[in-house]
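Visitor: Questions regarding the structure given below will be posed in turn.
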Amino acid sequence: TFRLMETLFPDSWGAYFAGKREAEAAVASHFGAAGVTLKPGIIYTESLSEAREQAALGMKEAKMPNLVGSPMAAALALGPVQSLAGAIGPVGDFLAPPSLVSDVAEAAIAHVLEK
């Protein structure tokens with residue numbers, strides 16, 4: 001999660017992440033080991049039209065376009081960047097590589113098919 005945003009903006013981002021933690025607890029409570037919560041950070045899409053549609057929903061819901069997300073994911077996944085992210089505390093959360101929406105969907109489907 002973006003710990004710095006949660007701390008600086010408790011009424012908006014703090015409430016957003018508190019809601020996510022409540023949902024995760026509910027999944028664990030109701031489904032135990034069979035349940036799963038996916039926790040991607042920023043999500044990007046290969047579809048420019050989807051990115052435009054999502055942008056209309058607001059900042060927390062929008063997916064970035066592939067033109068930005070793909071190079072950003074590659075750069076932020078590099079070992080030195082991830083080492084730096086781990087060393088700089090909450091600010092390092094901003095160096096988490098974005099995830100492609102289809103990869104997140106595939107992870108969800110893979111979990112369902114395992115069970």
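In the structure tokens, each chain is lettered A, B, ... as it comes, each chain's residues begin at 1, and ligands are numbered from 1 in order of appearance.
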Got a sec: who's within 12 Å of Pro71 of chain A, counting only C-alpha atoms, leaving out chain neighbours fewer than 3 positions off, as a PyMOL selection string?
Guide: chain A and resi 44+64-68+74-78+97-100
Visitor: Could you please write out, as a PyMOL selection string, every residue of chain A that DSSP assigns to strand (DSSP E or B)?
Guide: chain A and resi 43-45+64-65+99-100
Visitor: Keeping C-alpha atoms, export the residues of the selection given above as a CSV table (one decimal), in the first residue's frame.
Guide:
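In the end it all went to again04.csv:
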```csv
chain,number,residue,atom,x,y,z
A,43,ILE,CA,-2.8,-1.1,-12.7
A,44,TYR,CA,-2.3,-0.3,-16.4
A,45,THR,CA,-4.2,-1.5,-19.4
A,64,MET,CA,-3.0,4.1,-16.7
A,65,PRO,CA,-2.5,3.4,-20.4
A,99,SER,CA,0.7,-4.4,-13.0
A,100,LEU,CA,-1.0,-5.1,-16.3
```
Visitor: If DSSP is run on the backbone, what residues of segment 12-101 of chain A are alpha helix (DSSP H)? A reply as a compact mmCIF listing (two decimals) with N, CA, C and O atoms, in the first residue's frame would be ideal.
Guide:
```
# COMPACT_ATOMS: atom_id res chain seq x y z
N ALA A 15 -8.96 6.25 4.48
CA ALA A 15 -10.23 5.53 4.48
C ALA A 15 -10.27 4.48 3.37
O ALA A 15 -10.79 3.38 3.55
N TYR A 16 -9.71 4.83 2.23
CA TYR A 16 -9.66 3.90 1.09
C TYR A 16 -8.91 2.62 1.48
O TYR A 16 -9.39 1.50 1.27
N PHE A 17 -7.71 2.78 2.07
CA PHE A 17 -6.93 1.60 2.44
C PHE A 17 -7.52 0.87 3.64
O PHE A 17 -7.41 -0.35 3.75
N ALA A 18 -8.18 1.59 4.55
CA ALA A 18 -8.86 0.92 5.66
C ALA A 18 -9.96 0.01 5.11
O ALA A 18 -10.14 -1.11 5.59
N GLY A 19 -10.68 0.49 4.11
CA GLY A 19 -11.72 -0.32 3.47
C GLY A 19 -11.14 -1.56 2.81
O GLY A 19 -11.72 -2.66 2.88
N LYS A 20 -9.98 -1.41 2.18
CA LYS A 20 -9.33 -2.57 1.55
C LYS A 20 -8.93 -3.59 2.61
O LYS A 20 -9.10 -4.80 2.41
N ARG A 21 -8.42 -3.13 3.77
CA ARG A 21 -8.03 -4.06 4.84
C ARG A 21 -9.26 -4.78 5.40
O ARG A 21 -9.20 -5.97 5.72
N GLU A 22 -10.38 -4.06 5.52
CA GLU A 22 -11.61 -4.70 5.99
C GLU A 22 -12.07 -5.78 5.02
O GLU A 22 -12.51 -6.86 5.44
N ALA A 23 -11.98 -5.50 3.74
CA ALA A 23 -12.38 -6.49 2.73
C ALA A 23 -11.47 -7.71 2.80
O ALA A 23 -11.94 -8.86 2.71
N GLU A 24 -10.17 -7.49 2.95
CA GLU A 24 -9.23 -8.60 3.06
C GLU A 24 -9.52 -9.45 4.29
O GLU A 24 -9.47 -10.69 4.23
N ALA A 25 -9.85 -8.81 5.40
CA ALA A 25 -10.18 -9.54 6.62
C ALA A 25 -11.46 -10.36 6.43
O ALA A 25 -11.56 -11.49 6.91
N ALA A 26 -12.43 -9.80 5.71
CA ALA A 26 -13.67 -10.53 5.46
C ALA A 26 -13.42 -11.75 4.59
O ALA A 26 -13.98 -12.83 4.84
N VAL A 27 -12.58 -11.62 3.58
CA VAL A 27 -12.25 -12.77 2.73
C VAL A 27 -11.58 -13.85 3.58
O VAL A 27 -11.94 -15.03 3.49
N ALA A 28 -10.63 -13.46 4.40
CA ALA A 28 -9.93 -14.43 5.26
C ALA A 28 -10.90 -15.10 6.23
O ALA A 28 -10.84 -16.31 6.44
N SER A 29 -11.81 -14.32 6.79
CA SER A 29 -12.76 -14.85 7.76
C SER A 29 -13.74 -15.84 7.11
O SER A 29 -14.04 -16.88 7.68
N HIS A 30 -14.23 -15.50 5.95
CA HIS A 30 -15.26 -16.32 5.30
C HIS A 30 -14.69 -17.49 4.51
O HIS A 30 -15.35 -18.53 4.40
N PHE A 31 -13.51 -17.35 3.96
CA PHE A 31 -12.99 -18.38 3.07
C PHE A 31 -11.72 -19.06 3.57
O PHE A 31 -11.29 -20.04 2.98
N LEU A 48 -6.27 1.73 -24.83
CA LEU A 48 -6.33 3.18 -24.62
C LEU A 48 -7.77 3.63 -24.35
O LEU A 48 -8.00 4.49 -23.50
N SER A 49 -8.74 3.02 -25.00
CA SER A 49 -10.14 3.40 -24.75
C SER A 49 -10.54 3.04 -23.32
O SER A 49 -11.26 3.80 -22.67
N GLU A 50 -10.07 1.90 -22.81
CA GLU A 50 -10.36 1.55 -21.42
C GLU A 50 -9.71 2.54 -20.47
O GLU A 50 -10.32 2.96 -19.48
N ALA A 51 -8.49 2.94 -20.74
CA ALA A 51 -7.81 3.92 -19.90
C ALA A 51 -8.60 5.23 -19.87
O ALA A 51 -8.76 5.84 -18.81
N ARG A 52 -9.11 5.64 -21.01
CA ARG A 52 -9.91 6.88 -21.06
C ARG A 52 -11.20 6.73 -20.27
O ARG A 52 -11.59 7.63 -19.52
N GLU A 53 -11.88 5.60 -20.43
CA GLU A 53 -13.13 5.36 -19.69
C GLU A 53 -12.86 5.34 -18.18
O GLU A 53 -13.62 5.90 -17.40
N GLN A 54 -11.79 4.68 -17.78
CA GLN A 54 -11.45 4.58 -16.36
C GLN A 54 -11.07 5.94 -15.78
O GLN A 54 -11.40 6.24 -14.64
N ALA A 55 -10.39 6.76 -16.55
CA ALA A 55 -9.99 8.08 -16.08
C ALA A 55 -11.19 8.91 -15.68
O ALA A 55 -11.13 9.72 -14.74
N ASN A 66 -1.10 1.69 -21.40
CA ASN A 66 0.08 0.87 -21.63
C ASN A 66 1.30 1.69 -22.03
O ASN A 66 2.42 1.38 -21.64
N LEU A 67 1.08 2.75 -22.78
CA LEU A 67 2.17 3.60 -23.25
C LEU A 67 3.02 4.11 -22.07
O LEU A 67 4.23 4.25 -22.18
N VAL A 68 2.39 4.33 -20.94
CA VAL A 68 3.08 4.76 -19.72
C VAL A 68 3.38 3.57 -18.82
O VAL A 68 4.48 3.42 -18.29
N GLY A 69 2.38 2.70 -18.63
CA GLY A 69 2.50 1.60 -17.67
C GLY A 69 3.56 0.58 -17.97
O GLY A 69 4.30 0.15 -17.09
N SER A 70 3.68 0.18 -19.24
CA SER A 70 4.64 -0.86 -19.60
C SER A 70 6.09 -0.43 -19.37
O SER A 70 6.84 -1.14 -18.70
N PRO A 71 6.50 0.75 -19.87
CA PRO A 71 7.89 1.16 -19.59
C PRO A 71 8.13 1.42 -18.11
O PRO A 71 9.21 1.12 -17.58
N MET A 72 7.11 1.95 -17.43
CA MET A 72 7.25 2.21 -15.99
C MET A 72 7.43 0.90 -15.23
O MET A 72 8.27 0.79 -14.33
N ALA A 73 6.65 -0.12 -15.60
CA ALA A 73 6.76 -1.43 -14.95
C ALA A 73 8.15 -2.01 -15.15
O ALA A 73 8.75 -2.54 -14.21
N ALA A 74 8.67 -1.92 -16.37
CA ALA A 74 10.00 -2.46 -16.65
C ALA A 74 11.08 -1.74 -15.86
O ALA A 74 11.96 -2.37 -15.27
N ALA A 75 11.01 -0.43 -15.83
CA ALA A 75 12.03 0.35 -15.12
C ALA A 75 11.97 0.13 -13.61
O ALA A 75 13.00 -0.04 -12.95
N LEU A 76 10.76 0.12 -13.06
CA LEU A 76 10.63 -0.01 -11.61
C LEU A 76 10.87 -1.43 -11.10
O LEU A 76 11.09 -1.63 -9.91
N GLY A 79 16.28 -4.56 -10.25
CA GLY A 79 16.82 -4.84 -8.92
C GLY A 79 17.28 -3.63 -8.14
O GLY A 79 16.91 -3.46 -6.97
N PRO A 80 18.09 -2.75 -8.75
CA PRO A 80 18.55 -1.58 -8.00
C PRO A 80 17.40 -0.67 -7.53
O PRO A 80 17.45 -0.12 -6.44
N VAL A 81 16.37 -0.56 -8.37
CA VAL A 81 15.23 0.28 -7.99
C VAL A 81 14.50 -0.35 -6.81
O VAL A 81 14.13 0.33 -5.85
N GLN A 82 14.30 -1.67 -6.87
CA GLN A 82 13.60 -2.35 -5.77
C GLN A 82 14.43 -2.34 -4.48
O GLN A 82 13.87 -2.24 -3.39
N SER A 83 15.74 -2.41 -4.61
CA SER A 83 16.60 -2.30 -3.42
C SER A 83 16.45 -0.92 -2.79
O SER A 83 16.33 -0.80 -1.56
N LEU A 84 16.44 0.10 -3.62
CA LEU A 84 16.24 1.46 -3.13
C LEU A 84 14.87 1.60 -2.48
O LEU A 84 14.74 2.18 -1.39
N ALA A 85 13.84 1.04 -3.12
CA ALA A 85 12.48 1.13 -2.58
C ALA A 85 12.42 0.55 -1.17
O ALA A 85 11.79 1.12 -0.28
N GLY A 86 13.08 -0.58 -0.97
CA GLY A 86 13.09 -1.21 0.36
C GLY A 86 13.86 -0.42 1.39
O GLY A 86 13.59 -0.52 2.59
N ALA A 87 14.80 0.38 0.93
CA ALA A 87 15.67 1.12 1.85
C ALA A 87 15.12 2.47 2.27
O ALA A 87 15.59 3.04 3.26
N VAL A 101 -3.43 -5.13 -16.16
CA VAL A 101 -4.73 -5.59 -15.69
C VAL A 101 -4.99 -7.05 -16.07
O VAL A 101 -5.54 -7.81 -15.28
```
Visitor: My list of candidates is A:Trp13, A:Gly35, A:Glu6, A:Leu95. Which is closest to Glu114 of chain A when distances are computed with only C-alpha atoms?
Guide: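 With only C-alpha atoms as the atom set, the closest residue is A:Gly35.
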Visitor: If you measure from atom CA of Pro40 of chain A to atom CA of Asp11 of chain A, what distance in Å do you get, rounded to one decimal?
Guide: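 Those two atoms sit 21.9 Å apart.
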